[in-house]
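Undergrad: What follows is structure.tsv, TSV, C-alpha atoms and all ligand atoms.
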```tsv
chain	number	residue	atom	x	y	z
A	28	MET	CA	-59.45	-30.88	-22.55
A	29	LYS	CA	-56.38	-28.77	-21.77
A	30	LYS	CA	-55.77	-27.89	-18.13
A	31	VAL	CA	-54.70	-24.37	-17.15
A	32	LEU	CA	-53.50	-23.06	-13.80
A	33	ILE	CA	-53.84	-19.38	-12.93
A	34	ALA	CA	-51.40	-18.87	-10.08
A	35	ARG	CA	-53.19	-16.02	-8.25
A	36	PRO	CA	-56.72	-14.70	-7.76
A	37	LEU	CA	-57.49	-12.23	-10.59
A	38	PRO	CA	-60.52	-10.15	-11.52
A	39	GLU	CA	-63.42	-12.35	-12.65
A	40	GLU	CA	-63.48	-10.86	-16.16
A	41	VAL	CA	-59.98	-12.32	-16.59
A	42	THR	CA	-60.51	-15.77	-15.12
A	43	SER	CA	-63.76	-16.30	-17.02
A	44	ALA	CA	-62.27	-15.25	-20.37
A	45	LEU	CA	-60.45	-18.51	-21.15
A	46	LYS	CA	-62.55	-20.78	-23.33
A	47	GLY	CA	-62.40	-24.45	-24.19
A	48	CYS	CA	-60.17	-25.51	-21.31
A	49	ASP	CA	-60.35	-26.60	-17.71
A	50	VAL	CA	-59.23	-23.61	-15.58
A	51	THR	CA	-58.03	-23.78	-11.97
A	52	VAL	CA	-57.55	-20.49	-10.15
A	53	ARG	CA	-55.25	-20.79	-7.15
A	54	GLU	CA	-56.78	-18.75	-4.34
A	55	GLU	CA	-53.56	-17.88	-2.50
A	56	THR	CA	-51.82	-14.53	-2.97
A	57	ALA	CA	-48.33	-15.80	-2.01
A	58	PRO	CA	-45.91	-17.01	-4.71
A	59	LEU	CA	-46.00	-20.65	-5.77
A	60	SER	CA	-43.81	-22.91	-3.66
A	61	ALA	CA	-41.23	-25.14	-5.39
A	62	ASP	CA	-43.61	-28.08	-4.89
A	63	GLU	CA	-46.50	-26.19	-6.43
A	64	MET	CA	-44.33	-25.24	-9.40
A	65	ARG	CA	-43.35	-28.85	-9.94
A	66	VAL	CA	-47.04	-29.88	-9.83
A	67	ALA	CA	-47.87	-27.03	-12.21
A	68	LEU	CA	-45.28	-28.23	-14.75
A	69	ARG	CA	-46.26	-31.87	-14.35
A	70	ASP	CA	-50.07	-31.70	-14.30
A	71	TYR	CA	-51.11	-28.65	-16.33
A	72	ASP	CA	-50.82	-27.83	-20.04
A	73	GLY	CA	-50.48	-24.10	-19.43
A	74	VAL	CA	-49.75	-21.93	-16.41
A	75	MET	CA	-50.20	-18.21	-15.76
A	76	PRO	CA	-47.47	-17.41	-13.22
A	77	THR	CA	-46.58	-13.97	-11.95
A	78	LEU	CA	-44.04	-12.00	-9.92
A	79	GLY	CA	-42.30	-14.16	-7.32
A	80	ASP	CA	-43.04	-17.52	-8.95
A	81	ALA	CA	-39.40	-18.52	-9.24
A	82	PHE	CA	-39.36	-21.00	-12.11
A	83	SER	CA	-35.63	-21.69	-11.83
A	84	ALA	CA	-33.45	-24.08	-13.81
A	85	GLU	CA	-33.67	-26.47	-10.81
A	86	VAL	CA	-37.46	-26.54	-10.91
A	87	PHE	CA	-37.44	-27.34	-14.65
A	88	ALA	CA	-34.77	-30.00	-14.07
A	89	ASP	CA	-36.99	-31.64	-11.43
A	90	VAL	CA	-39.76	-32.25	-13.99
A	91	PRO	CA	-38.45	-34.07	-17.06
A	92	ASN	CA	-40.94	-34.20	-19.96
A	93	PRO	CA	-43.35	-31.66	-18.45
A	94	ARG	CA	-46.98	-31.65	-19.53
A	95	CYS	CA	-46.83	-27.85	-19.40
A	96	LYS	CA	-45.95	-26.16	-22.69
A	97	ILE	CA	-46.53	-22.48	-21.89
A	98	LEU	CA	-45.85	-20.11	-19.01
A	99	ALA	CA	-48.03	-17.11	-19.84
A	100	ASN	CA	-46.60	-14.61	-17.38
A	101	PHE	CA	-48.94	-12.05	-15.85
A	102	GLY	CA	-46.71	-8.97	-16.10
A	103	VAL	CA	-44.07	-7.64	-18.45
A	104	GLY	CA	-41.08	-8.46	-16.23
A	105	TYR	CA	-40.34	-12.18	-16.24
A	106	ASN	CA	-36.96	-12.24	-14.49
A	107	HIS	CA	-38.43	-14.70	-11.95
A	108	ILE	CA	-38.54	-17.28	-14.78
A	109	ASP	CA	-35.36	-18.79	-16.18
A	110	ALA	CA	-36.51	-18.34	-19.77
A	111	ALA	CA	-33.55	-20.22	-21.28
A	112	ALA	CA	-34.16	-23.23	-19.03
A	113	SER	CA	-37.86	-23.03	-19.81
A	114	ARG	CA	-37.27	-23.05	-23.55
A	115	ALA	CA	-34.81	-25.94	-23.16
A	116	ALA	CA	-37.60	-27.85	-21.37
A	117	GLY	CA	-39.90	-27.19	-24.34
A	118	ILE	CA	-41.99	-24.59	-22.52
A	119	GLU	CA	-42.49	-21.20	-24.08
A	120	VAL	CA	-42.74	-18.01	-22.06
A	121	THR	CA	-44.98	-15.06	-22.89
A	122	ASN	CA	-45.51	-11.72	-21.13
A	123	THR	CA	-47.79	-8.67	-21.19
A	124	PRO	CA	-45.96	-5.71	-22.74
A	125	GLY	CA	-47.95	-2.57	-23.41
A	126	ALA	CA	-50.62	-3.25	-20.80
A	127	VAL	CA	-48.34	-2.12	-17.98
A	128	THR	CA	-46.66	0.89	-19.62
A	129	ASP	CA	-48.75	3.92	-18.67
A	130	ALA	CA	-49.60	2.78	-15.16
A	131	THR	CA	-45.95	2.11	-14.36
A	132	ALA	CA	-44.91	5.46	-15.81
A	133	ASP	CA	-47.56	7.13	-13.66
A	134	VAL	CA	-46.07	5.57	-10.54
A	135	ALA	CA	-42.60	6.76	-11.60
A	136	MET	CA	-44.00	10.30	-11.75
A	137	THR	CA	-45.72	9.81	-8.39
A	138	LEU	CA	-42.41	8.78	-6.82
A	139	MET	CA	-40.52	11.57	-8.57
A	140	LEU	CA	-42.87	14.23	-7.28
A	141	MET	CA	-43.20	12.70	-3.83
A	142	SER	CA	-39.45	12.40	-3.42
A	143	ALA	CA	-38.60	15.81	-4.89
A	144	ARG	CA	-41.32	17.63	-2.96
A	145	ARG	CA	-40.95	15.57	0.22
A	146	ALA	CA	-44.60	14.56	0.15
A	147	ALA	CA	-44.31	11.41	2.27
A	148	GLU	CA	-42.29	13.23	4.90
A	149	GLY	CA	-44.89	16.01	4.94
A	150	GLU	CA	-47.73	13.54	5.24
A	151	ARG	CA	-46.00	11.87	8.18
A	152	LEU	CA	-45.59	15.28	9.82
A	153	VAL	CA	-49.29	16.11	9.53
A	154	ARG	CA	-50.37	12.66	10.70
A	155	SER	CA	-48.06	12.84	13.72
A	156	GLY	CA	-49.80	16.01	14.93
A	157	ALA	CA	-46.40	17.75	15.15
A	158	TRP	CA	-47.00	20.26	12.33
A	159	GLU	CA	-46.81	23.75	13.80
A	160	GLY	CA	-47.84	25.68	10.72
A	161	TRP	CA	-46.53	27.06	7.44
A	162	HIS	CA	-43.39	29.16	7.25
A	163	PRO	CA	-41.31	30.20	4.25
A	164	THR	CA	-38.43	27.79	4.82
A	165	GLN	CA	-40.44	24.78	5.94
A	166	MET	CA	-39.74	21.45	4.21
A	167	LEU	CA	-38.15	22.88	1.10
A	168	GLY	CA	-37.75	20.29	-1.61
A	169	LEU	CA	-36.50	20.15	-5.17
A	170	HIS	CA	-38.48	21.98	-7.87
A	171	VAL	CA	-39.24	19.48	-10.64
A	172	THR	CA	-40.36	21.61	-13.60
A	173	GLY	CA	-37.53	22.22	-16.05
A	174	LYS	CA	-35.04	19.95	-14.31
A	175	MET	CA	-32.77	17.38	-15.94
A	176	VAL	CA	-33.99	13.82	-15.86
A	177	GLY	CA	-31.92	10.79	-16.84
A	178	LEU	CA	-33.56	7.57	-17.94
A	179	VAL	CA	-31.64	4.35	-17.40
A	180	GLY	CA	-33.40	2.32	-20.09
A	181	MET	CA	-35.49	3.79	-22.91
A	182	GLY	CA	-37.90	0.98	-23.70
A	183	ARG	CA	-41.68	1.33	-23.64
A	184	ILE	CA	-41.85	2.34	-19.98
A	185	GLY	CA	-38.80	4.61	-20.17
A	186	GLN	CA	-40.36	6.43	-23.11
A	187	ALA	CA	-43.71	6.82	-21.35
A	188	ILE	CA	-41.90	8.36	-18.36
A	189	ALA	CA	-39.80	10.64	-20.59
A	190	ARG	CA	-42.91	11.81	-22.45
A	191	ARG	CA	-44.56	12.75	-19.17
A	192	CYS	CA	-41.38	14.59	-18.10
A	193	HIS	CA	-41.14	16.47	-21.39
A	194	TYR	CA	-44.77	17.40	-22.02
A	195	GLY	CA	-45.91	17.71	-18.43
A	196	PHE	CA	-42.86	19.14	-16.69
A	197	GLU	CA	-40.69	20.75	-19.41
A	198	MET	CA	-37.74	18.63	-18.29
A	199	GLN	CA	-34.52	18.09	-20.26
A	200	ILE	CA	-34.19	14.41	-21.03
A	201	SER	CA	-31.11	12.28	-21.42
A	202	TYR	CA	-30.86	8.51	-21.42
A	203	PHE	CA	-28.58	5.52	-21.23
A	204	ASN	CA	-29.66	2.63	-23.43
A	205	ARG	CA	-27.97	-0.15	-25.40
A	206	SER	CA	-29.12	1.37	-28.68
A	207	ALA	CA	-30.17	4.84	-29.80
A	208	LYS	CA	-33.95	5.25	-30.05
A	209	ASP	CA	-36.02	7.05	-32.62
A	210	LEU	CA	-38.08	9.18	-30.25
A	211	ASP	CA	-41.01	11.57	-30.71
A	212	PHE	CA	-39.64	14.01	-28.09
A	213	PRO	CA	-36.22	15.63	-27.62
A	214	ALA	CA	-33.73	13.50	-25.71
A	215	THR	CA	-29.96	13.06	-25.67
A	216	ARG	CA	-28.37	9.64	-25.56
A	217	VAL	CA	-25.41	9.43	-23.18
A	218	GLU	CA	-22.80	6.71	-23.74
A	219	SER	CA	-21.78	6.32	-20.13
A	220	LEU	CA	-23.99	5.61	-17.15
A	221	ILE	CA	-21.61	7.55	-14.90
A	222	ASP	CA	-21.89	10.62	-17.14
A	223	LEU	CA	-25.67	10.33	-17.00
A	224	ALA	CA	-25.65	9.98	-13.19
A	225	THR	CA	-23.36	12.98	-12.83
A	226	SER	CA	-25.41	15.31	-14.98
A	227	VAL	CA	-29.03	14.85	-13.91
A	228	ASP	CA	-31.23	16.04	-11.06
A	229	ILE	CA	-33.40	12.94	-11.20
A	230	LEU	CA	-32.24	9.50	-12.30
A	231	VAL	CA	-35.02	7.06	-13.19
A	232	ILE	CA	-34.44	3.33	-13.60
A	233	ALA	CA	-36.54	1.73	-16.33
A	234	VAL	CA	-34.51	-1.28	-17.46
A	235	PRO	CA	-35.66	-4.91	-17.33
A	236	GLY	CA	-34.47	-6.93	-14.34
A	237	GLY	CA	-32.33	-10.05	-14.53
A	238	GLY	CA	-28.66	-10.98	-14.57
A	239	GLU	CA	-27.60	-8.34	-17.08
A	240	THR	CA	-28.84	-5.40	-15.03
A	241	ARG	CA	-28.26	-6.70	-11.51
A	242	HIS	CA	-26.52	-4.02	-9.40
A	243	LEU	CA	-26.19	-1.71	-12.40
A	244	ILE	CA	-26.72	1.11	-9.92
A	245	ASP	CA	-23.89	0.54	-7.48
A	246	GLU	CA	-21.77	2.63	-5.17
A	247	THR	CA	-19.84	4.15	-8.09
A	248	VAL	CA	-22.99	5.33	-9.86
A	249	LEU	CA	-24.55	6.61	-6.63
A	250	SER	CA	-21.35	8.49	-5.75
A	251	ALA	CA	-21.40	10.15	-9.18
A	252	MET	CA	-24.86	11.63	-8.51
A	253	GLN	CA	-25.26	15.17	-7.23
A	254	SER	CA	-26.08	15.64	-3.56
A	255	HIS	CA	-29.54	17.04	-4.32
A	256	ALA	CA	-30.36	14.37	-6.93
A	257	ARG	CA	-33.15	11.81	-6.58
A	258	LEU	CA	-33.08	8.16	-7.63
A	259	ILE	CA	-36.37	6.63	-8.75
A	260	ASN	CA	-36.84	2.88	-9.25
A	261	ILE	CA	-39.97	1.35	-10.75
A	262	ALA	CA	-38.10	-1.49	-12.50
A	263	ARG	CA	-36.72	-4.32	-10.39
A	264	GLY	CA	-35.19	-3.97	-6.95
A	265	ASP	CA	-31.94	-5.77	-7.65
A	266	VAL	CA	-30.97	-3.29	-10.39
A	267	VAL	CA	-29.90	-1.20	-7.38
A	268	GLN	CA	-27.36	-2.40	-4.86
A	269	GLU	CA	-29.63	-1.68	-1.90
A	270	ALA	CA	-26.88	-1.57	0.75
A	271	ALA	CA	-25.03	1.08	-1.29
A	272	LEU	CA	-28.26	3.05	-1.71
A	273	ILE	CA	-28.91	3.00	2.04
A	274	GLU	CA	-25.39	4.30	2.62
A	275	ALA	CA	-25.77	7.03	-0.03
A	276	LEU	CA	-29.07	8.19	1.49
A	277	ARG	CA	-27.71	8.05	5.01
A	278	ALA	CA	-24.54	9.98	4.14
A	279	GLY	CA	-26.43	12.56	2.07
A	280	LYS	CA	-24.50	11.61	-1.08
A	281	ILE	CA	-27.85	11.88	-2.87
A	282	GLY	CA	-30.89	13.94	-1.93
A	283	GLY	CA	-33.43	11.16	-1.84
A	284	ALA	CA	-34.99	8.18	-3.51
A	285	GLY	CA	-38.39	6.91	-4.50
A	286	LEU	CA	-38.75	3.14	-4.65
A	287	ASP	CA	-41.53	0.85	-5.79
A	288	VAL	CA	-39.35	-2.27	-5.85
A	289	TYR	CA	-36.74	-3.81	-3.54
A	290	GLU	CA	-33.73	-6.04	-3.85
A	291	PHE	CA	-35.19	-8.74	-1.59
A	292	GLU	CA	-38.86	-7.99	-2.15
A	293	PRO	CA	-41.04	-8.03	-0.09
A	294	LYS	CA	-38.34	-7.62	2.57
A	295	VAL	CA	-37.51	-3.95	3.01
A	296	PRO	CA	-34.53	-3.45	5.33
A	297	GLN	CA	-35.18	-1.61	8.60
A	298	ALA	CA	-32.27	0.70	7.72
A	299	LEU	CA	-34.19	1.85	4.64
A	300	ARG	CA	-37.47	2.18	6.51
A	301	ASP	CA	-35.75	4.34	9.13
A	302	LEU	CA	-34.66	6.96	6.60
A	303	GLU	CA	-36.75	10.11	6.05
A	304	ASN	CA	-35.39	10.86	2.59
A	305	VAL	CA	-36.83	7.84	0.82
A	306	VAL	CA	-40.35	7.21	-0.42
A	307	LEU	CA	-41.33	3.55	-0.19
A	308	LEU	CA	-44.24	2.06	-2.13
A	309	PRO	CA	-45.30	-1.61	-2.11
A	310	HIS	CA	-44.78	-2.42	-5.83
A	311	LEU	CA	-47.82	-0.41	-6.93
A	312	GLY	CA	-46.62	-0.03	-10.56
A	313	THR	CA	-49.65	-1.57	-12.22
A	314	ALA	CA	-52.00	-1.68	-9.24
A	315	ALA	CA	-55.17	-0.30	-10.84
A	316	HIS	CA	-58.18	-2.48	-11.55
A	317	GLU	CA	-58.43	-1.76	-15.28
A	318	VAL	CA	-54.68	-2.25	-15.75
A	319	ARG	CA	-54.72	-5.62	-14.01
A	320	VAL	CA	-57.67	-6.61	-16.21
A	321	ASP	CA	-55.74	-5.56	-19.35
A	322	MET	CA	-52.67	-7.49	-18.20
A	323	GLY	CA	-54.81	-10.53	-17.37
A	324	LEU	CA	-56.58	-10.44	-20.72
A	325	MET	CA	-53.24	-10.24	-22.49
A	326	ALA	CA	-51.94	-13.26	-20.57
A	327	VAL	CA	-55.25	-15.01	-21.37
A	328	ALA	CA	-54.81	-14.21	-25.09
A	329	ASN	CA	-51.43	-15.92	-24.98
A	330	LEU	CA	-52.88	-18.98	-23.27
A	331	GLN	CA	-55.91	-19.03	-25.56
A	332	ALA	CA	-53.71	-18.95	-28.67
A	333	PHE	CA	-51.75	-21.91	-27.31
A	334	ILE	CA	-54.96	-23.83	-26.50
A	335	ASP	CA	-56.31	-23.11	-29.98
A	336	GLY	CA	-53.07	-24.38	-31.54
A	337	GLU	CA	-51.92	-20.93	-32.65
A	338	THR	CA	-48.76	-18.94	-31.95
A	339	PRO	CA	-49.10	-16.86	-28.77
A	340	PRO	CA	-48.73	-13.16	-29.63
A	341	ASN	CA	-46.31	-12.15	-26.88
A	342	ARG	CA	-43.51	-14.71	-26.83
A	343	VAL	CA	-40.43	-13.37	-25.07
B	1	LIG	C1	-46.75	-6.25	-12.02
B	1	LIG	C2	-44.50	-5.50	-12.95
B	1	LIG	O1	-47.76	-5.83	-11.23
B	1	LIG	O2	-45.43	-6.19	-15.04
B	1	LIG	C3	-44.47	-6.15	-14.29
B	1	LIG	O3	-43.36	-6.61	-14.64
B	1	LIG	O4	-43.52	-5.20	-12.39
B	1	LIG	C4	-45.73	-5.19	-12.19
B	1	LIG	O5	-46.13	-3.91	-12.17
B	1	LIG	C5	-46.22	-7.49	-11.43
B	1	LIG	O6	-44.86	-7.67	-11.61
B	1	LIG	C6	-46.98	-8.65	-11.97
B	1	LIG	O7	-46.20	-9.56	-12.67
```
When written as structure tokens, how does the structure in this file appear?
TA:
Amino acid sequence: MKKVLIARPLPEEVTSALKGCDVTVREETAPLSADEMRVALRDYDGVMPTLGDAFSAEVFADVPNPRCKILANFGVGYNHIDAAASRAAGIEVTNTPGAVTDATADVAMTLMLMSARRAAEGERLVRSGAWEGWHPTQMLGLHVTGKMVGLVGMGRIGQAIARRCHYGFEMQISYFNRSAKDLDFPATRVESLIDLATSVDILVIAVPGGGETRHLIDETVLSAMQSHARLINIARGDVVQEAALIEALRAGKIGGAGLDVYEFEPKVPQALRDLENVVLLPHLGTAAHEVRVDMGLMAVANLQAFIDGETPPNRV
């Protein structure tokens, strides 16, 4: 019987869905250690890893002829897995596109509204007991309706965000993407990231993580943004050069930021935590029970196909 390792506790409806195999659910919430990854590759036929399980080229190199043949990632982003090294080791990688889209787009909107309307700052004020009452110029933020939003990346999640911006908030949409997209809402493709950064009130990052997008948002891009503009990141932390962002926020080069992800997650620099003009969420993108169940069932479908000798539906 095939042996499967699920690397984190997941809702019971997910862990009980795999049939015809011997399933081990690891009870710890922390990422797999290098030793645990080596054991996973050596002793299991299939593994369901997730964010933080750093299956690097070194880990694959440590386990020649692995028993494992599939890493069915729980999540759409798989930049923690060296997919080329995995394939070279004879292990296929799958992910969970679609299941994460709406929930992640919702968190982008949450951050956009919170940052623009200074909601976290306001909440801190009320909680501190220092609020002295309403007055016409208190805590004025940026009006969102009708503003210009720029999407860095127009994949599934980018489109879900843009749709919300267009239909919900009458925003003008422009985007920077490798290829032009056939979209069901009005949007202008911009050839240069700097031009996009210069022209919008809110810049939203929705590109995959990994080597190609690392530090895409650097000092030059941040300096191009307008001083009232907001930067929203629901993608991967290292798409933004965090030190440059801290400096831009500190110097008032941009108006604020809303972050769900961090360059050295889960480490969030004190300098960032000290700033008022940034909203900080703990990677809540897909943190809703039904979404995690959908993601889990998608990862299970990939594993199940492998166990049944079929082609997994979501190979990366
Ligand atoms: C997940 C995400 O919760 O799916 C992704 O790529 O970023 C998240 O929202 C997490 O990464 C699980 O893999």
Undergrad: Residues at most 7 Å from ligand LIG 1 (chain B), using all atoms listed in the file? Could they come as a list in words?
TA: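 Counting all atoms listed in the file, the residues within 7 Å of ligand LIG 1 (chain B) come out as Thr77, Leu78, Asn100, Phe101, Gly102, Val103, Gly104, Tyr105, Val127, Thr131, Ala262, His310, Leu311, Gly312, Thr313 and Ala314 of chain A.
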Undergrad: So which one's closest to Pro339 of chain A, A:Val217, A:Ala57, A:Val120, A:Met139? Using all atoms listed in the file, please.
TA: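 Nearest to Pro339 of chain A: A:Val120.
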Undergrad: Under the rule that all atoms listed in the file are counted, which of A:Pro293, A:Asn122, A:Ala115, A:Leu302 is the nearest residue to Pro58 of chain A?
TA: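 Using all atoms listed in the file, the shortest distance to Pro58 of chain A belongs to A:Pro293.
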Undergrad: Excluding Pro91 of chain A and residues on its chain fewer than 6 positions from it, collect all residues at most 10 Å away from it, counting all atoms listed in the file, and give them as an mmCIF file with C-alpha atoms, keeping the file's coordinate frame.
TA:
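New file out.cif:
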```cif
data_model
loop_
_atom_site.group_PDB
_atom_site.id
_atom_site.type_symbol
_atom_site.label_atom_id
_atom_site.label_comp_id
_atom_site.auth_asym_id
_atom_site.auth_seq_id
_atom_site.Cartn_x
_atom_site.Cartn_y
_atom_site.Cartn_z
ATOM 1 C CA LEU A 68 -45.280 -28.230 -14.750
ATOM 2 C CA ARG A 69 -46.260 -31.870 -14.350
ATOM 3 C CA ALA A 116 -37.600 -27.850 -21.370
#
```
Undergrad: Taking 2 positions as the minimum chain separation for residues in the same chain, which residues sit within 12 Å of Cys192 of chain A when counting only C-alpha atoms? Answer as a PyMOL selection string.
TA: chain A and resi 132-133+135-137+139-140+171-178+185-190+194-201+212-214+229-231
Undergrad: Can you work out which one of A:Ala99, A:Cys48, A:Met166, A:Met141 has the shortest atom-to-atom distance to Pro124 of chain A, counting only C-alpha atoms?
TA: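 For Pro124 of chain A, the nearest of the given residues is A:Ala99.
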Undergrad: Point out the residue among A:His242, A:Arg277, A:His107, A:Lys208 with the least atom-to-atom distance to Asp301 of chain A, counting only C-alpha atoms.
TA: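 So, comparing all the options, the nearest one is A:Arg277.
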Undergrad: Please measure the separation of atom CA of Ala207 of chain A and atom CA of Ala126 of chain A, giving the value in Å to one decimal.
TA: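 About the pair atom CA of Ala207 of chain A and atom CA of Ala126 of chain A: they are 23.8 Å apart.
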Undergrad: May I ask you to restore N, CA and C atoms in segment 236-248 of chain A and write the result as a short mmCIF file (atom, residue, chain, number, x, y, z; two decimals), in the coordinates of the input?
TA:
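Here's the written file rebuild_31.cif:
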```
data_model
loop_
_atom_site.label_atom_id
_atom_site.label_comp_id
_atom_site.auth_asym_id
_atom_site.auth_seq_id
_atom_site.Cartn_x
_atom_site.Cartn_y
_atom_site.Cartn_z
N GLY A 236 -35.29 -6.29 -15.37
CA GLY A 236 -34.47 -6.93 -14.34
C GLY A 236 -33.75 -8.13 -14.93
N GLY A 237 -33.04 -8.86 -14.06
CA GLY A 237 -32.33 -10.05 -14.53
C GLY A 237 -30.84 -9.87 -14.41
N GLY A 238 -30.11 -10.94 -14.76
CA GLY A 238 -28.66 -10.98 -14.57
C GLY A 238 -27.92 -9.81 -15.18
N GLU A 239 -28.35 -9.38 -16.37
CA GLU A 239 -27.60 -8.34 -17.08
C GLU A 239 -27.66 -6.97 -16.39
N THR A 240 -28.71 -6.72 -15.64
CA THR A 240 -28.84 -5.40 -15.03
C THR A 240 -28.68 -5.43 -13.51
N ARG A 241 -28.39 -6.59 -12.96
CA ARG A 241 -28.26 -6.70 -11.51
C ARG A 241 -27.13 -5.78 -11.01
N HIS A 242 -27.47 -4.96 -10.02
CA HIS A 242 -26.52 -4.02 -9.40
C HIS A 242 -25.89 -3.05 -10.40
N LEU A 243 -26.64 -2.73 -11.44
CA LEU A 243 -26.19 -1.71 -12.40
C LEU A 243 -25.97 -0.39 -11.67
N ILE A 244 -26.86 -0.11 -10.72
CA ILE A 244 -26.72 1.11 -9.92
C ILE A 244 -26.01 0.71 -8.62
N ASP A 245 -24.71 0.94 -8.63
CA ASP A 245 -23.89 0.54 -7.48
C ASP A 245 -23.29 1.78 -6.82
N GLU A 246 -22.37 1.53 -5.93
CA GLU A 246 -21.77 2.63 -5.17
C GLU A 246 -21.15 3.68 -6.09
N THR A 247 -20.50 3.22 -7.17
CA THR A 247 -19.84 4.15 -8.09
C THR A 247 -20.86 5.08 -8.75
N VAL A 248 -21.96 4.50 -9.20
CA VAL A 248 -22.99 5.33 -9.86
C VAL A 248 -23.61 6.28 -8.84
#
```
